[in-house]
Amino acid sequence: MELASQQLVTAAWILVGLYAAVILFFVIRGAKKITNMDDYALGSVLFSPYAVGLSLAASITSAATFIINPGFVALFGISGVLSMAIALPFAALISLVVLTKGFRRHGTTVKALTMAQWMQTMYKSRGYGIFFGFLSLLLITFVVLICVGLTKVLSASLNIPELYTLIGIVIFVFGYMMFGGANSMVYTNTIQAILMLIVAFVLLGSGYQHFSEGVNGFLDKLAAIDPLLVSTTNESSFLFRDYFEIFIAQFIVGIAIICQPHILTKSLLLKSDADVNKYLAVGITAQLLFFFVVFTGLYIRLTFPDLSAGGTPIPMDGLVSAYVVSEFPVFVGLLVVMGLISAGLSTLEGLIQSLSTTITKDIIDPLFGRQLGLSGNTGRAVLINKMVIVVLAVVTVFVSWDQLVNPKLSVGIFAQNGVYAYFSAAFVPILMGMFLKNVPLAAPVTASVTAVVVHFTIYYGQIAIPFTRATGENPGVAAAVAIVCSVLAGAAVYLLQQKKPR
């Protein structure tokens with residue numbers, strides 16, 4: 001299904017080449033300043049809080065926000081907007097403010113390079129650090145989501161098969177992340193965030209003609225396709241069936257979603273506490289706009305009422321790509337394609353950096369460091385980190401191709417299952433570490449194990465939630481229940497330990 005015009009394809013090849021060249025320039029510039037793993041993970045350069053704030057917004061926003069989630073809204077309508085553009089962002093941004101300030105206080109004290117190291121130093125347990133190192137491997141699911149999203153966009157824009165597109169993306173991005181690290185990420189993320197801001201305005205304004213008869217006229221057009229598209233709940237979806245799924249589960253998930261290493265560790269790039277408020281103000285403002293891009297899904301449904309083009313059904317993950325290459329003039333289409341690529345790359349870079357650092361510092365070093373001679377910040381640690389990135393790249397290609405060929409509705413469901421399990425396990429230990437004193441190790445460990453067990457039990461068992469229409473088939477519901485159980489379990493152990501005579 002080739003929807004892109006020949007002019008768009010030719011221009012896209014030229015622009016993608018130029019874009020790659022600019023990124024490589026900054027990577028080479030950043031790589032010159034990397035001498036050890038600390039530099040790779042945290043950077044060795046003083047950054048403006050405004051640049052880091054834009055970098056934060058770019059790394060929270062991903063291919064999910066720009067490429068995948070509008071597809072859910074195109075399928076299921078207003079209920080998806082309420083869930084993804086209002087409930088989750090409201091909770092996430094409040095959580096970001098609270099957790100950033102607390103995490104930075106402890107993170108800068110111990111210079112924690114990764115979430116696992118933060119857990120280890122906070123609770124003085126090497127074993128708990130290693131546990132979180134292995135738990136971080138769940139974030140590979142998010143890497144896969146972004147690679148699938150980027151593959152859909154570039155394959156449609158360049159008119160090349162998805163497999164070759166996927167391999168090219170992985171080789172390029174994982175390749176330059178072997179050398180750039182945090183020094184190049186803030187440069188590239190800032191450029192990407194600016195592009196994404198422009199594209200967010202373009203996408204949100206692209207359906208202005210649908211409002212020619214006002215908001216009611218817009219809703220009437222959607223209702224003519226399917227009345228459920230304008231309903232605040234959607235019984236045909238396993239994500240937005242009732243208000244528990246749309247608001248309560250998403251609010252709980254939104255609070256906890258900030259507990260991801262590539263988000264919280266971003267504040268450690270600030271060299272002064274005085275910069276934190278400026279950093280948060282810029283990041284949150286940009287982020288609010290990015291979250292609302294899912295509204296574009298409603299324009300997509302009006303453009304493709306039966307979700308097909310030329311009689312060929314469009315996969316949910318390909319709806320945004322199809323909309324962009326078929327609806328926009330060449331110049332605007334190119335701009336949007338660049339923005340969508342930026343949305344994917346910004347988070348992908350952060351995930352590769354944090355995942356490879358975690359595997360190197362929190363799994364390989366404590367388990368095999370002595371045999372490999374990794375003591376201290378040696379060049380060998382940086383070399384091992386590069387080898388880890390190569391392995392991650394190979395795994396990513398195989399799993400991403402499987403999701404391109406055999407998705408369960410969307411790669412978004414696959415990614416939510418893994419990522420939600422991870423931050424469900426991290427949520428209570430982070431809260432306890434930042435806001436309580438003399439926390440016994442048993443409390444965060446119990447909370448983490450409870451979260452992982454409950455999440456996967458409810459998801460794979462598709463267990464129904466009493467008094468609601470929700471089931472564990474929705475990863476957000478599984479995560480919300482896991483987080484609540486984790487809070488209760490962790491709090492119970494903490495209170496019992498406090499009552500024991502010292």
# chains A, B, ... in the order shown; residues from 1 in each chain; ligands from 1
call {"tool": "select_by_dssp", "arguments": {"residues": "region 108-233 of chain A", "states": "alpha helix (DSSP H)", "output": "ChimeraX atom specification"}}
result
/A:108-110,115-123,126-135,140-158,162-177,181-205,214-225
call {"tool": "residues_around", "arguments": {"residues": "region 450-454 of chain A", "least_positions_apart": "3", "cutoff": "8 Å", "atoms": "only C-alpha atoms", "output": "list in words"}}
result
Ala421, Tyr422, Ser424, Ala425, Thr446, Ala447, Thr457, Ile458, Ala478, Ala479, Val481, Ala482, Ile483, Cys485, Ser486 and Ala489 of chain A
call {"tool": "write_last_selection", "arguments": {"atoms": "N, CA and C atoms", "output": "mmCIF file, in the first residue's frame"}}
result
data_model
loop_
_atom_site.group_PDB
_atom_site.id
_atom_site.type_symbol
_atom_site.label_atom_id
_atom_site.label_comp_id
_atom_site.auth_asym_id
_atom_site.auth_seq_id
_atom_site.Cartn_x
_atom_site.Cartn_y
_atom_site.Cartn_z
ATOM 1 N N ALA A 421 4.698 -2.929 34.243
ATOM 2 C CA ALA A 421 5.176 -3.841 35.291
ATOM 3 C C ALA A 421 6.421 -3.272 35.960
ATOM 4 N N TYR A 422 7.298 -2.686 35.152
ATOM 5 C CA TYR A 422 8.553 -2.131 35.678
ATOM 6 C C TYR A 422 8.304 -0.967 36.627
ATOM 7 N N SER A 424 5.571 -0.125 38.096
ATOM 8 C CA SER A 424 4.745 -0.538 39.235
ATOM 9 C C SER A 424 5.649 -1.041 40.366
ATOM 10 N N ALA A 425 6.697 -1.760 39.972
ATOM 11 C CA ALA A 425 7.643 -2.289 40.956
ATOM 12 C C ALA A 425 8.523 -1.197 41.561
ATOM 13 N N THR A 446 9.230 -6.283 49.443
ATOM 14 C CA THR A 446 7.869 -6.848 49.415
ATOM 15 C C THR A 446 7.001 -6.103 48.411
ATOM 16 N N ALA A 447 7.105 -4.765 48.414
ATOM 17 C CA ALA A 447 6.307 -3.954 47.486
ATOM 18 C C ALA A 447 6.641 -4.280 46.038
ATOM 19 N N THR A 457 -0.022 -11.606 36.901
ATOM 20 C CA THR A 457 -1.120 -12.540 37.186
ATOM 21 C C THR A 457 -2.434 -11.996 36.630
ATOM 22 N N ILE A 458 -2.702 -10.709 36.888
ATOM 23 C CA ILE A 458 -3.963 -10.113 36.416
ATOM 24 C C ILE A 458 -3.969 -9.988 34.896
ATOM 25 N N ALA A 478 -4.223 -3.806 34.944
ATOM 26 C CA ALA A 478 -3.321 -4.716 35.667
ATOM 27 C C ALA A 478 -2.301 -3.923 36.482
ATOM 28 N N ALA A 479 -1.759 -2.857 35.877
ATOM 29 C CA ALA A 479 -0.758 -2.037 36.566
ATOM 30 C C ALA A 479 -1.367 -1.273 37.732
ATOM 31 N N VAL A 481 -3.990 -2.025 39.608
ATOM 32 C CA VAL A 481 -4.238 -2.939 40.724
ATOM 33 C C VAL A 481 -2.911 -3.353 41.371
ATOM 34 N N ALA A 482 -1.888 -3.591 40.540
ATOM 35 C CA ALA A 482 -0.572 -3.978 41.059
ATOM 36 C C ALA A 482 0.013 -2.866 41.937
ATOM 37 N N ILE A 483 -0.162 -1.623 41.518
ATOM 38 C CA ILE A 483 0.376 -0.491 42.282
ATOM 39 C C ILE A 483 -0.329 -0.377 43.631
ATOM 40 N N CYS A 485 -1.898 -2.780 45.307
ATOM 41 C CA CYS A 485 -1.470 -3.922 46.137
ATOM 42 C C CYS A 485 -0.054 -3.715 46.653
ATOM 43 N N SER A 486 0.795 -3.152 45.812
ATOM 44 C CA SER A 486 2.183 -2.888 46.189
ATOM 45 C C SER A 486 2.262 -1.874 47.328
ATOM 46 N N ALA A 489 1.006 -3.656 50.532
ATOM 47 C CA ALA A 489 1.977 -4.632 51.033
ATOM 48 C C ALA A 489 3.197 -3.947 51.632
#
call {"tool": "residues_around", "arguments": {"residues": "Arg126 (chain A)", "least_positions_apart": "2", "cutoff": "12 Å", "atoms": "only C-alpha atoms", "output": "JSON list (two decimals) with C-alpha atoms, in the first residue's frame"}}
result
[["chain", "number", "residue", "atom", "x", "y", "z"],
["A", 116, "ALA", "CA", 19.01, 0.11, 40.04],
["A", 117, "GLN", "CA", 22.03, 1.89, 41.54],
["A", 118, "TRP", "CA", 19.68, 4.36, 43.23],
["A", 119, "MET", "CA", 17.82, 1.42, 44.84],
["A", 120, "GLN", "CA", 21.07, -0.23, 45.89],
["A", 121, "THR", "CA", 22.50, 2.87, 47.57],
["A", 122, "MET", "CA", 19.19, 3.96, 49.12],
["A", 123, "TYR", "CA", 18.52, 0.60, 50.74],
["A", 124, "LYS", "CA", 22.16, -0.50, 51.10],
["A", 128, "TYR", "CA", 18.12, -5.40, 45.53],
["A", 129, "GLY", "CA", 20.16, -3.38, 43.05],
["A", 130, "ILE", "CA", 20.81, -6.48, 40.94],
["A", 131, "PHE", "CA", 17.09, -7.36, 41.15],
["A", 132, "PHE", "CA", 16.20, -3.95, 39.69],
["A", 133, "GLY", "CA", 18.91, -4.34, 37.09],
["A", 361, "LYS", "CA", 26.80, -1.27, 35.92],
["A", 362, "ASP", "CA", 24.06, -3.19, 37.75],
["A", 363, "ILE", "CA", 24.16, -6.71, 36.28],
["A", 365, "ASP", "CA", 29.73, -5.39, 37.04],
["A", 366, "PRO", "CA", 28.42, -6.86, 40.34],
["A", 367, "LEU", "CA", 28.15, -10.41, 39.00],
["A", 441, "LEU", "CA", 14.73, -3.41, 53.31]]
call {"tool": "atom_distance", "arguments": {"atom1": "CA of Tyr459 (chain A)", "atom2": "CA of Gly344 (chain A)"}}
result
26.5 Å
call {"tool": "closest_residue", "arguments": {"among": "A:Leu195, A:Phe251, A:Phe142, A:Asn277", "to": "Ser62 (chain A)", "atoms": "only C-alpha atoms"}}
result
A:Phe142
call {"tool": "residues_around", "arguments": {"residues": "Ala57 (chain A)", "least_positions_apart": "3", "cutoff": "8 Å", "atoms": "only C-alpha atoms", "output": "list in words"}}
result
Gly53, Leu54, Ile60, Thr61, Ala193, Gly283, Ile284, Ala286 and Gln287 of chain A
call {"tool": "write_last_selection", "arguments": {"atoms": "N, CA and C atoms", "output": "JSON list (two decimals), in the first residue's frame"}}
result
[["chain", "number", "residue", "atom", "x", "y", "z"],
["A", 53, "GLY", "N", 14.98, 20.90, 30.07],
["A", 53, "GLY", "CA", 13.53, 20.81, 30.16],
["A", 53, "GLY", "C", 12.91, 20.33, 28.86],
["A", 54, "LEU", "N", 13.39, 20.87, 27.74],
["A", 54, "LEU", "CA", 12.91, 20.40, 26.43],
["A", 54, "LEU", "C", 13.33, 18.95, 26.20],
["A", 60, "ILE", "N", 10.07, 12.00, 27.61],
["A", 60, "ILE", "CA", 8.82, 11.43, 28.13],
["A", 60, "ILE", "C", 7.91, 11.10, 26.95],
["A", 61, "THR", "N", 7.88, 12.02, 25.97],
["A", 61, "THR", "CA", 7.09, 11.80, 24.77],
["A", 61, "THR", "C", 7.85, 10.84, 23.86],
["A", 193, "ALA", "N", 12.92, 18.14, 20.37],
["A", 193, "ALA", "CA", 11.77, 18.72, 21.08],
["A", 193, "ALA", "C", 11.23, 19.95, 20.34],
["A", 283, "GLY", "N", 9.61, 21.84, 30.68],
["A", 283, "GLY", "CA", 9.26, 20.45, 30.38],
["A", 283, "GLY", "C", 7.77, 20.19, 30.42],
["A", 284, "ILE", "N", 7.08, 20.71, 31.45],
["A", 284, "ILE", "CA", 5.65, 20.45, 31.62],
["A", 284, "ILE", "C", 4.83, 21.16, 30.55],
["A", 286, "ALA", "N", 5.72, 21.99, 27.46],
["A", 286, "ALA", "CA", 5.87, 21.26, 26.20],
["A", 286, "ALA", "C", 5.13, 19.92, 26.26],
["A", 287, "GLN", "N", 5.22, 19.27, 27.42],
["A", 287, "GLN", "CA", 4.63, 17.94, 27.57],
["A", 287, "GLN", "C", 3.11, 17.96, 27.44]]
call {"tool": "residues_around", "arguments": {"residues": "Ser5 (chain A)", "least_positions_apart": "4", "cutoff": "8 Å", "atoms": "only C-alpha atoms", "output": "list of chain:residue names"}}
result
A:Val9, A:Val325, A:Ser326
call {"tool": "closest_residue", "arguments": {"among": "A:Tyr323, A:Phe240, A:Phe427, A:Phe456", "to": "Ile78 (chain A)", "atoms": "only C-alpha atoms"}}
result
A:Phe240
call {"tool": "residues_around", "arguments": {"residues": "region 330-338 of chain A", "least_positions_apart": "4", "cutoff": "8 Å", "atoms": "only C-alpha atoms", "output": "list in words"}}
result
Gln7, Leu8, Ala11, Ala12, Leu15, Val16, Val153, Leu154, Ser157, Leu195, Val199, Val202, Leu203, Val324, Val325 and Ser342 of chain A
call {"tool": "select_by_dssp", "arguments": {"residues": "region 185-433 of chain A", "states": "strand (DSSP E)", "output": "PDB file with C-alpha atoms, in the first residue's frame"}}
result
ATOM      1  CA  SER A 308      -8.804   1.446   5.035  1.00  0.00           C
ATOM      2  CA  ALA A 309      -7.131   3.065   2.029  1.00  0.00           C
ATOM      3  CA  THR A 312      -6.775  -2.218   1.935  1.00  0.00           C
ATOM      4  CA  PRO A 313      -7.222  -2.202   5.745  1.00  0.00           C
TER       5      PRO A 313
END
call {"tool": "residues_around", "arguments": {"residues": "Thr141 (chain A)", "least_positions_apart": "6", "cutoff": "7 Å", "atoms": "only C-alpha atoms", "output": "VMD selection string"}}
result
chain A and resid 414 to 415 418 to 419
